[in-house]
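Input: a single structure, listed below in structure tokens.
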Amino acid sequence: MNKIKLLLKYIAPYKWQALYSIIFNILSAVFALISYTLAIPFLKIMFDRVDVIQHPGDFQMTVDYLNSASKYFLSLFIDRHGQAGALLIVSAVFVIASLFKNGFIFLANNSMAYIRSYTVRDLRRKMYDKVLKLPLSYFTDARKGDLMTRISNDVQEIEVSVMSSLTMLFRDPMYVLIFVIYLFVSSWRLTIYALLLLPVSGWLIGRVSRTLRSSSFVQQQQLGKLLSVVEETLTGLRIVKGFNAEKKMQGLFKDINEKYSKIFRRVIRKYYLASPLSEFLSIIVVMTLMYLGGLQALKGDTNMTPDTLIAYLIVFSQIIPPAKNITTAWFSIQKGMASIDRVDQVLEAEEKITQKENALRVKEFRHEIEFRGVWYAYNNEPVLKDINLKISKGQTVAIVGKSGAGKSTLADLLPRFMDAGKGSVFIDGVDVRDMNITDLRNLMGIVSQHPILFNTTFNENIAFGVNDPLQKDIETAARIANAHDFIKETDQGYENNVGESGNKLSGGQKQRISIARAILRNPPILILDEATSALDTESERLVQDAILKLMENRTSIVIAHRLSTIQYADLIVVLDDGMIVERGTHAELMDKTDGFYAKLRRYQAI
């Protein structure tokens with residue numbers, strides 16, 4: 001029930017379209033009933049069983065009056081136009097009723113098409129927006145392939161299994177309700193028999209549907225694992241081939257693919273059981289009613305003549321398809337609910353990095369950055385421990401230490417990619433958690449250790465995050481980053497596509513484009529996470545010189561593994577096991593011959 005409420009929440013913006021669909025479905029059901037009940041006058045004319053009534057009496061909104069009026073007008077038509085003319089009139093009325101019925105079905109389905117397409121559009125947008133809002137720590141546990149499955153396959157499954165079923169749920173109950181009212185009026189005894197038989201059918205169908213949802217959930221999870229293996233294989237194909245691990249990956253993929261196929265077969269088998277099971281049970285109900293109604297007609301029951309019995313069975317038979325559709329729709333919804341569960345897990349994931357109401361707007365950096373008593377833990381394991389550090393405006397601070405010491409984590413706290421568990425990070429005396437997130441990040445330019453490029457042109461990659469940049473500014477940034485020459489050598493220059501993740505470029509070229517991106521942004525604070533690690537010796541020298549010029553009069557935080565690149569830093573901070581163990585200039589730290597920094601320097605010099 002909670003998932004149905006969740007689905008209705010997605011549909012809520014389109015409630016008027018849903019109302020139109022319901023109204024059109026009611027009207028189509030009314031005209032469908034009119035067309036089916038025309039079998040009674042048709043049969044009466046054919047077998048010359050029309051009762052002659054001189055006058056139906058004064059108008060009354062009762063069943064008896066409506067029966068009398070219909071007999072009166074039918075006898076009048078026969079008297080004036082003969083039996084052939086009356087048959088023609090009945091046939092014409094049938095055609096007109098059918099036209100209205102199908103016209104209203106089209107209008108109802110058109111309203112549902114609007115709801116289906118835009119609800120799924122909104123759901124995909126919410127999923128993508130949520131992915132952008134989630135903290136980086138969320139993605140250390142979540143598999144990219146699984147997230148992609150939720151955004152693509154699960155949302156599509158909701159559209160196919162759930163949204164398409166809403167068409168039947170908005171239409172078929174109206175048909176069933178209106179037809180059942182007619183059946184009660186025609187013969188309440190027969191209708192009660194039918195209603196006593198239907199719950200038994202519903203119970204049998206429900207037994208099957210209960211297991212479908214859980215199986216579908218497992219199926220979607222297995223598909224996520226399958227796509228994760230494909231994504232990891234494509235990303236690490238060079239390593240797979242280099243280590244002759246093709247058979248290992250084939251075995252892994254084969255096992256997961258086999259499990260997925262078995263689960264998928266089980267889900268489809270249960271899904272396909274819905275239609276034949278409901279049809280067989282419906283035939284049992286119809287034959288029971290035919291027998292009981294036939295007994296009433298043979299006994300001379302005035303309310304159940306042969307022609308009214310035939311009309312009754314025609315109308316009841318028209319209940320079977322919508323009732324069957326409701327069953328099928330229920331199975332589809334149960335199947336789709338597993339996808340709603342998986343989508344909801346992402347949409348309801350905690351947004352740890354949130355912006356306070358009336359957050360402080362910040363346009364410039366004036367004085368200093370301060371880490372005050374900062375602790376950060378991942379899965380209850382401390383990564384940073386009681387970090388206290390001040391960085392003055394214009395200062396270049398290098399963060400060094402062994403892998404896993406917490407260097408990148410320390411830098412990630414500044415733009416609020418994650419928040420400190422204890423303590424605070426301040427910019428000009430203001431806690432970064434009190435600042436407008438967009439303004440905070442506008443103060444910073446970031447070059448990561450692993451260059452991230454998008455599948456678009458050099459121009460768009462360099463100008464990423466900058467609105468309406470001038471071409472000359474893009475080219476100036478590229479020149480400073482030593483990227484202009486190799487860009488101009490490509491077929492289309494700055495309009496050349498770099499490929500997915502920049503796969504058309506070398507590692508050094510990708511890094512230089514990332515540096516050009518930071519240079520164009522021209523921020524007051526630079527975060528360089530081993531920005532020169534992927535460059536060859538010549539490019540490193542040129543780019544390092546450019547970065548040193550860029551960092552003049554700017555505040556720079558440089559994360560370095562290669563200590564030769566940061567000896568000119570104003571302050572070097574040495575991290576070990578999440579704690580600051582040393583700080584000072586290069587010369588000061590080298591004077592401590594037994595110090596941590598001096599040992600790291602000697603190891604790298606070997």
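Letters A, B, ... go to the chains of the structure tokens in the order shown; residues in each chain start at 1; ligands are counted from 1 in the same order.
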
As a VMD selection string, please: every residue in region 231-420 of chain A that DSSP puts in alpha helix (DSSP H).
chain A and resid 231 to 235 237 to 242 246 to 298 306 to 347 407 to 412

Excluding same-chain residues fewer than 5 positions from Pro173 (chain A), what lies within 10 Å of it counting only C-alpha atoms, as a PyMOL selection string?
chain A and resi 22+25-26+29+168+178-179+319+322-323+325-326

Write the residues of the preceding selection, restricted to N, CA, C and O atoms, as a compact mmCIF listing (two decimals), in the first residue's frame.
```txt
# COMPACT_ATOMS: atom_id res chain seq x y z
N ILE A 22 -10.91 9.14 -16.20
CA ILE A 22 -11.97 8.42 -15.49
C ILE A 22 -13.34 8.77 -16.06
O ILE A 22 -14.18 7.90 -16.31
N ASN A 25 -13.83 7.22 -19.42
CA ASN A 25 -14.03 5.78 -19.29
C ASN A 25 -15.44 5.45 -18.83
O ASN A 25 -16.03 4.46 -19.27
N ILE A 26 -15.98 6.26 -17.93
CA ILE A 26 -17.37 6.06 -17.49
C ILE A 26 -18.33 6.21 -18.66
O ILE A 26 -19.24 5.39 -18.87
N ALA A 29 -18.13 3.27 -20.96
CA ALA A 29 -18.80 2.11 -20.38
C ALA A 29 -20.31 2.20 -20.54
O ALA A 29 -20.98 1.19 -20.82
N MET A 168 -5.54 0.25 -17.55
CA MET A 168 -6.56 -0.75 -17.25
C MET A 168 -7.24 -0.48 -15.92
O MET A 168 -8.46 -0.66 -15.77
N ILE A 178 -20.39 -0.50 -13.76
CA ILE A 178 -21.61 -0.18 -14.50
C ILE A 178 -22.30 -1.45 -14.98
O ILE A 178 -23.54 -1.58 -14.89
N PHE A 179 -21.53 -2.42 -15.45
CA PHE A 179 -22.12 -3.66 -15.92
C PHE A 179 -22.74 -4.44 -14.76
O PHE A 179 -23.80 -5.06 -14.92
N ILE A 319 -17.85 -8.45 -18.84
CA ILE A 319 -17.17 -8.16 -17.58
C ILE A 319 -15.87 -8.96 -17.51
O ILE A 319 -14.89 -8.52 -16.90
N PRO A 322 -12.50 -7.04 -18.83
CA PRO A 322 -11.95 -6.05 -17.89
C PRO A 322 -11.54 -6.65 -16.55
O PRO A 322 -10.55 -6.23 -15.96
N ALA A 323 -12.29 -7.68 -16.09
CA ALA A 323 -11.89 -8.33 -14.83
C ALA A 323 -10.56 -9.05 -15.02
O ALA A 323 -9.68 -9.01 -14.14
N ASN A 325 -8.34 -8.16 -17.22
CA ASN A 325 -7.34 -7.09 -17.34
C ASN A 325 -6.91 -6.56 -15.97
O ASN A 325 -5.74 -6.23 -15.76
N ILE A 326 -7.89 -6.47 -15.06
CA ILE A 326 -7.55 -6.01 -13.71
C ILE A 326 -6.58 -6.99 -13.06
O ILE A 326 -5.61 -6.60 -12.40
```

Considering only C-alpha atoms, return as number ranges by chain whatever protein or nucleic-acid residues lie within 12 Å of Lys259 (chain A), sequence-local ones (same chain, fewer than 6 positions apart) excluded.
A: 218-223, 225-226, 252-253, 265-266

Prev. selection, N, CA, C and O atoms, output as an mmCIF file, in the first residue's frame:
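The resulting again.cif:
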```cif
data_model
loop_
_atom_site.group_PDB
_atom_site.id
_atom_site.type_symbol
_atom_site.label_atom_id
_atom_site.label_comp_id
_atom_site.auth_asym_id
_atom_site.auth_seq_id
_atom_site.Cartn_x
_atom_site.Cartn_y
_atom_site.Cartn_z
ATOM 1 N N VAL A 218 14.543 -9.386 -6.759
ATOM 2 C CA VAL A 218 15.808 -10.124 -6.888
ATOM 3 C C VAL A 218 16.310 -10.061 -8.322
ATOM 4 O O VAL A 218 17.512 -9.922 -8.578
ATOM 5 N N GLN A 219 15.387 -10.121 -9.286
ATOM 6 C CA GLN A 219 15.768 -10.063 -10.701
ATOM 7 C C GLN A 219 16.466 -8.749 -11.021
ATOM 8 O O GLN A 219 17.511 -8.720 -11.682
ATOM 9 N N GLN A 220 15.890 -7.628 -10.560
ATOM 10 C CA GLN A 220 16.479 -6.315 -10.859
ATOM 11 C C GLN A 220 17.833 -6.146 -10.165
ATOM 12 O O GLN A 220 18.750 -5.538 -10.713
ATOM 13 N N GLN A 221 17.958 -6.689 -8.957
ATOM 14 C CA GLN A 221 19.252 -6.638 -8.273
ATOM 15 C C GLN A 221 20.312 -7.411 -9.057
ATOM 16 O O GLN A 221 21.450 -6.956 -9.209
ATOM 17 N N GLN A 222 19.924 -8.570 -9.566
ATOM 18 C CA GLN A 222 20.869 -9.395 -10.323
ATOM 19 C C GLN A 222 21.270 -8.709 -11.625
ATOM 20 O O GLN A 222 22.429 -8.786 -12.053
ATOM 21 N N LEU A 223 20.315 -8.000 -12.240
ATOM 22 C CA LEU A 223 20.629 -7.250 -13.464
ATOM 23 C C LEU A 223 21.616 -6.132 -13.171
ATOM 24 O O LEU A 223 22.511 -5.845 -13.971
ATOM 25 N N LYS A 225 23.936 -6.215 -10.877
ATOM 26 C CA LYS A 225 25.253 -6.852 -10.756
ATOM 27 C C LYS A 225 25.825 -7.176 -12.136
ATOM 28 O O LYS A 225 27.024 -7.014 -12.386
ATOM 29 N N LEU A 226 24.958 -7.631 -13.033
ATOM 30 C CA LEU A 226 25.391 -7.987 -14.383
ATOM 31 C C LEU A 226 25.971 -6.772 -15.103
ATOM 32 O O LEU A 226 27.055 -6.833 -15.694
ATOM 33 N N LEU A 252 33.006 -15.073 -14.262
ATOM 34 C CA LEU A 252 32.211 -14.220 -13.382
ATOM 35 C C LEU A 252 30.925 -13.789 -14.076
ATOM 36 O O LEU A 252 29.828 -13.857 -13.503
ATOM 37 N N PHE A 253 31.060 -13.344 -15.330
ATOM 38 C CA PHE A 253 29.882 -12.895 -16.084
ATOM 39 C C PHE A 253 28.923 -14.066 -16.311
ATOM 40 O O PHE A 253 27.705 -13.913 -16.193
ATOM 41 N N ARG A 265 13.334 -16.285 -15.777
ATOM 42 C CA ARG A 265 12.412 -17.323 -16.221
ATOM 43 C C ARG A 265 11.318 -17.553 -15.179
ATOM 44 O O ARG A 265 10.130 -17.727 -15.527
ATOM 45 N N ARG A 266 11.691 -17.531 -13.914
ATOM 46 C CA ARG A 266 10.714 -17.742 -12.841
ATOM 47 C C ARG A 266 9.690 -16.601 -12.798
ATOM 48 O O ARG A 266 8.483 -16.840 -12.647
#
```

Name the residues in contact with Gln355 (chain A) at a cut-off of 12 Å, using only C-alpha atoms, excluding same-chain residues fewer than 5 positions from it; report them as a list in words.
Lys133, Leu360, Arg361, Arg416, Asp419, Val432, Arg433, Asp434, Met435, Asn436, Ile437, Thr438, Asp439 and Leu440 of chain A

Just write the chosen residues, all heavy atoms, as a CSV table (one decimal), in the first residue's frame.
```csv
chain,number,residue,atom,x,y,z
A,133,LYS,N,22.9,15.2,-6.1
A,133,LYS,CA,22.8,15.8,-4.8
A,133,LYS,C,23.5,14.9,-3.8
A,133,LYS,O,23.9,15.4,-2.7
A,133,LYS,CB,21.4,16.0,-4.4
A,133,LYS,CG,20.7,17.1,-5.1
A,133,LYS,CD,19.2,17.2,-4.7
A,133,LYS,CE,18.5,18.3,-5.4
A,133,LYS,NZ,17.1,18.4,-5.0
A,360,LEU,N,24.4,31.8,3.9
A,360,LEU,CA,25.1,33.0,3.7
A,360,LEU,C,25.7,33.0,2.3
A,360,LEU,O,26.3,32.1,1.8
A,360,LEU,CB,26.3,33.1,4.7
A,360,LEU,CG,27.1,34.4,4.7
A,360,LEU,CD1,26.3,35.6,5.1
A,360,LEU,CD2,28.3,34.2,5.6
A,361,ARG,N,25.4,34.1,1.5
A,361,ARG,CA,26.0,34.3,0.2
A,361,ARG,C,27.4,34.8,0.3
A,361,ARG,O,27.7,35.8,1.1
A,361,ARG,CB,25.1,35.3,-0.6
A,361,ARG,CG,23.7,34.9,-0.8
A,361,ARG,CD,23.5,33.5,-1.3
A,361,ARG,NE,24.1,33.3,-2.6
A,361,ARG,CZ,23.4,33.4,-3.8
A,361,ARG,NH1,22.1,33.7,-3.8
A,361,ARG,NH2,24.1,33.3,-5.0
A,416,ARG,N,33.0,21.0,0.5
A,416,ARG,CA,31.8,20.2,1.0
A,416,ARG,C,31.4,19.1,0.1
A,416,ARG,O,30.2,18.8,-0.1
A,416,ARG,CB,30.6,21.1,1.3
A,416,ARG,CG,30.8,22.1,2.4
A,416,ARG,CD,29.5,22.6,2.9
A,416,ARG,NE,28.6,21.6,3.5
A,416,ARG,CZ,27.3,21.7,3.7
A,416,ARG,NH1,26.7,22.8,3.3
A,416,ARG,NH2,26.7,20.7,4.3
A,419,ASP,N,31.2,16.3,4.8
A,419,ASP,CA,31.3,17.2,5.9
A,419,ASP,C,32.0,16.5,7.1
A,419,ASP,O,31.9,15.3,7.2
A,419,ASP,CB,29.8,17.6,6.4
A,419,ASP,CG,29.2,18.7,5.6
A,419,ASP,OD1,30.0,19.4,4.9
A,419,ASP,OD2,28.0,18.8,5.5
A,432,VAL,N,31.8,26.6,6.6
A,432,VAL,CA,31.4,26.3,5.3
A,432,VAL,C,30.0,25.7,5.2
A,432,VAL,O,29.3,25.8,4.2
A,432,VAL,CB,32.4,25.4,4.5
A,432,VAL,CG1,33.8,26.0,4.4
A,432,VAL,CG2,32.6,24.0,5.3
A,433,ARG,N,29.6,25.1,6.3
A,433,ARG,CA,28.2,24.5,6.3
A,433,ARG,C,27.1,25.6,6.4
A,433,ARG,O,26.0,25.3,6.2
A,433,ARG,CB,28.1,23.5,7.5
A,433,ARG,CG,28.9,22.2,7.3
A,433,ARG,CD,28.9,21.3,8.5
A,433,ARG,NE,29.7,21.9,9.5
A,433,ARG,CZ,30.3,21.1,10.5
A,433,ARG,NH1,30.0,19.8,10.6
A,433,ARG,NH2,31.0,21.7,11.4
A,434,ASP,N,27.6,26.8,6.7
A,434,ASP,CA,26.6,27.9,6.8
A,434,ASP,C,26.6,28.7,5.5
A,434,ASP,O,25.8,29.6,5.3
A,434,ASP,CB,27.0,28.9,7.9
A,434,ASP,CG,26.9,28.2,9.3
A,434,ASP,OD1,26.0,27.3,9.4
A,434,ASP,OD2,27.6,28.6,10.2
A,435,MET,N,27.4,28.3,4.5
A,435,MET,CA,27.5,29.1,3.3
A,435,MET,C,26.6,28.5,2.2
A,435,MET,O,26.3,27.3,2.2
A,435,MET,CB,28.9,29.1,2.8
A,435,MET,CG,29.9,29.8,3.6
A,435,MET,SD,31.6,29.8,2.9
A,435,MET,CE,32.5,30.8,4.1
A,436,ASN,N,26.2,29.3,1.2
A,436,ASN,CA,25.6,28.8,0.0
A,436,ASN,C,26.5,27.9,-0.7
A,436,ASN,O,27.7,28.3,-1.0
A,436,ASN,CB,25.1,30.0,-0.8
A,436,ASN,CG,24.5,29.6,-2.1
A,436,ASN,OD1,25.1,29.3,-3.1
A,436,ASN,ND2,23.2,29.7,-2.1
A,437,ILE,N,26.1,26.7,-1.0
A,437,ILE,CA,27.0,25.7,-1.6
A,437,ILE,C,27.5,26.2,-3.0
A,437,ILE,O,28.7,26.0,-3.3
A,437,ILE,CB,26.3,24.3,-1.7
A,437,ILE,CG1,26.0,23.8,-0.3
A,437,ILE,CG2,27.2,23.4,-2.5
A,437,ILE,CD1,25.3,22.5,-0.3
A,438,THR,N,26.7,26.8,-3.8
A,438,THR,CA,27.1,27.2,-5.1
A,438,THR,C,28.2,28.3,-5.0
A,438,THR,O,29.2,28.3,-5.7
A,438,THR,CB,25.9,27.7,-5.9
A,438,THR,OG1,24.9,26.7,-6.1
A,438,THR,CG2,26.3,28.2,-7.3
A,439,ASP,N,27.9,29.3,-4.1
A,439,ASP,CA,28.9,30.3,-3.9
A,439,ASP,C,30.2,29.8,-3.3
A,439,ASP,O,31.3,30.2,-3.8
A,439,ASP,CB,28.4,31.4,-2.9
A,439,ASP,CG,27.2,32.2,-3.5
A,439,ASP,OD1,27.0,32.1,-4.7
A,439,ASP,OD2,26.5,32.9,-2.7
A,440,LEU,N,30.1,28.8,-2.4
A,440,LEU,CA,31.3,28.2,-1.9
A,440,LEU,C,32.2,27.6,-3.0
A,440,LEU,O,33.4,27.8,-3.0
A,440,LEU,CB,30.9,27.2,-0.8
A,440,LEU,CG,32.1,26.3,-0.3
A,440,LEU,CD1,33.0,27.1,0.6
A,440,LEU,CD2,31.5,25.1,0.6
```

Would you please give, as a ChimeraX atom specification, all residues of region 398-605 of chain A that DSSP assigns to strand (DSSP E or B) based on the backbone?
/A:398-401,422-427,430-431,435,444-447,457,497,525-529,555-560,571-576,579-584

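Across the model, the gap from CA of Ile559 (chain A) to CA of Ser403 (chain A) is 11.1 Å.
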
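Relative to CA of Leu195 (chain A), CA of Leu27 (chain A) is found at 24.3 Å.
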
Residue among A:Lys254, A:Ile446, A:Phe596, A:Ile263 lying closest to Leu528 (chain A), counting only C-alpha atoms
A:Ile446

Quick check, in Å to one decimal: how far apart do CA of Asp344 (chain A) and CA of Met127 (chain A) lie?
9.1 Å

Non-local contacts of Arg479 (chain A) (12 Å; only C-alpha atoms; under 5 positions in same chain excluded) as a ChimeraX atom specification
/A:462,472-474,484-488,512-513,515-517,519-520,542-543,546-547

Same residues, N, CA, C and O atoms, output as a short mmCIF file (atom, residue, chain, number, x, y, z; two decimals), in the first residue's frame:
```cif
data_model
loop_
_atom_site.label_atom_id
_atom_site.label_comp_id
_atom_site.auth_asym_id
_atom_site.auth_seq_id
_atom_site.Cartn_x
_atom_site.Cartn_y
_atom_site.Cartn_z
N ILE A 462 37.07 22.59 -21.52
CA ILE A 462 37.84 23.66 -20.85
C ILE A 462 36.91 24.67 -20.20
O ILE A 462 37.18 25.16 -19.09
N LYS A 472 38.97 33.52 -26.94
CA LYS A 472 40.37 33.90 -26.66
C LYS A 472 40.77 33.52 -25.24
O LYS A 472 41.93 33.17 -24.98
N ASP A 473 39.81 33.59 -24.30
CA ASP A 473 40.11 33.21 -22.93
C ASP A 473 40.34 31.70 -22.82
O ASP A 473 41.21 31.23 -22.06
N ILE A 474 39.55 30.91 -23.56
CA ILE A 474 39.74 29.46 -23.58
C ILE A 474 41.13 29.13 -24.11
O ILE A 474 41.86 28.30 -23.55
N HIS A 484 47.56 24.07 -25.91
CA HIS A 484 47.13 24.71 -27.15
C HIS A 484 47.69 24.00 -28.38
O HIS A 484 46.97 23.75 -29.36
N ASP A 485 48.95 23.65 -28.35
CA ASP A 485 49.60 23.09 -29.54
C ASP A 485 48.99 21.77 -29.96
O ASP A 485 48.68 21.55 -31.14
N PHE A 486 48.79 20.84 -29.01
CA PHE A 486 48.25 19.55 -29.43
C PHE A 486 46.76 19.65 -29.79
O PHE A 486 46.24 18.85 -30.58
N ILE A 487 46.06 20.64 -29.22
CA ILE A 487 44.66 20.85 -29.62
C ILE A 487 44.58 21.30 -31.07
O ILE A 487 43.77 20.80 -31.86
N LYS A 488 45.44 22.23 -31.45
CA LYS A 488 45.41 22.76 -32.82
C LYS A 488 45.82 21.69 -33.84
O LYS A 488 45.47 21.80 -35.03
N ARG A 512 46.35 18.05 -18.83
CA ARG A 512 46.55 19.45 -19.21
C ARG A 512 45.22 20.13 -19.54
O ARG A 512 45.05 21.33 -19.28
N ILE A 513 44.28 19.38 -20.10
CA ILE A 513 42.94 19.95 -20.34
C ILE A 513 42.26 20.25 -19.00
O ILE A 513 41.61 21.29 -18.82
N ILE A 515 43.77 21.02 -16.24
CA ILE A 515 44.43 22.21 -15.68
C ILE A 515 43.94 23.46 -16.38
O ILE A 515 43.68 24.49 -15.74
N ALA A 516 43.76 23.39 -17.70
CA ALA A 516 43.22 24.53 -18.45
C ALA A 516 41.83 24.91 -17.95
O ALA A 516 41.48 26.09 -17.87
N ARG A 517 41.03 23.90 -17.59
CA ARG A 517 39.69 24.16 -17.06
C ARG A 517 39.76 24.97 -15.77
O ARG A 517 39.01 25.93 -15.57
N ILE A 519 42.31 26.85 -14.84
CA ILE A 519 42.90 28.15 -15.14
C ILE A 519 41.83 29.11 -15.66
O ILE A 519 41.78 30.29 -15.26
N LEU A 520 40.95 28.63 -16.56
CA LEU A 520 39.90 29.49 -17.12
C LEU A 520 38.95 29.97 -16.05
O LEU A 520 38.50 31.13 -16.09
N LEU A 542 56.91 22.47 -17.97
CA LEU A 542 56.19 23.62 -18.51
C LEU A 542 54.92 23.92 -17.72
O LEU A 542 54.63 25.08 -17.40
N VAL A 543 54.16 22.87 -17.41
CA VAL A 543 52.91 23.09 -16.69
C VAL A 543 53.16 23.51 -15.25
O VAL A 543 52.46 24.36 -14.70
N ALA A 546 53.76 27.06 -15.27
CA ALA A 546 52.51 27.80 -15.49
C ALA A 546 51.67 27.83 -14.21
O ALA A 546 51.06 28.84 -13.87
N ILE A 547 51.64 26.69 -13.51
CA ILE A 547 50.85 26.63 -12.29
C ILE A 547 51.44 27.55 -11.22
O ILE A 547 50.69 28.21 -10.48
#
```

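Among A:Ile11, A:Val240, A:Ile340, A:Ile310, the residue with the shortest atom-to-atom distance to Tyr114 (chain A), counting only C-alpha atoms, is A:Ile11.
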
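Nearest residue to Phe94 (chain A), choosing from A:Thr37, A:Ile572, A:Ser186, A:Gly404 and counting only C-alpha atoms: A:Thr37.
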
Show me, as JSON, numbers by chain, the residues that have an atom within 9 Å of Glu495 (chain A) when counting only C-alpha atoms, minus same-chain residues fewer than 6 positions from it.
{"A": [456, 457, 458, 459, 460]}

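The shortest atom-to-atom distance to His561 (chain A), with only C-alpha atoms taken into account, belongs to A:Lys407 out of A:Lys407, A:Ala598, A:Ser424, A:Asn467.
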
Compile the contact shell of Lys393 (chain A) as a list in words: residues with an atom at most 8 Å away, counting only C-alpha atoms, same-chain residues fewer than 2 positions apart removed.
Phe365, Arg366, His367, Glu368, Ile369, Ile391, Gln395, Asn553, Arg554 and Thr555 of chain A
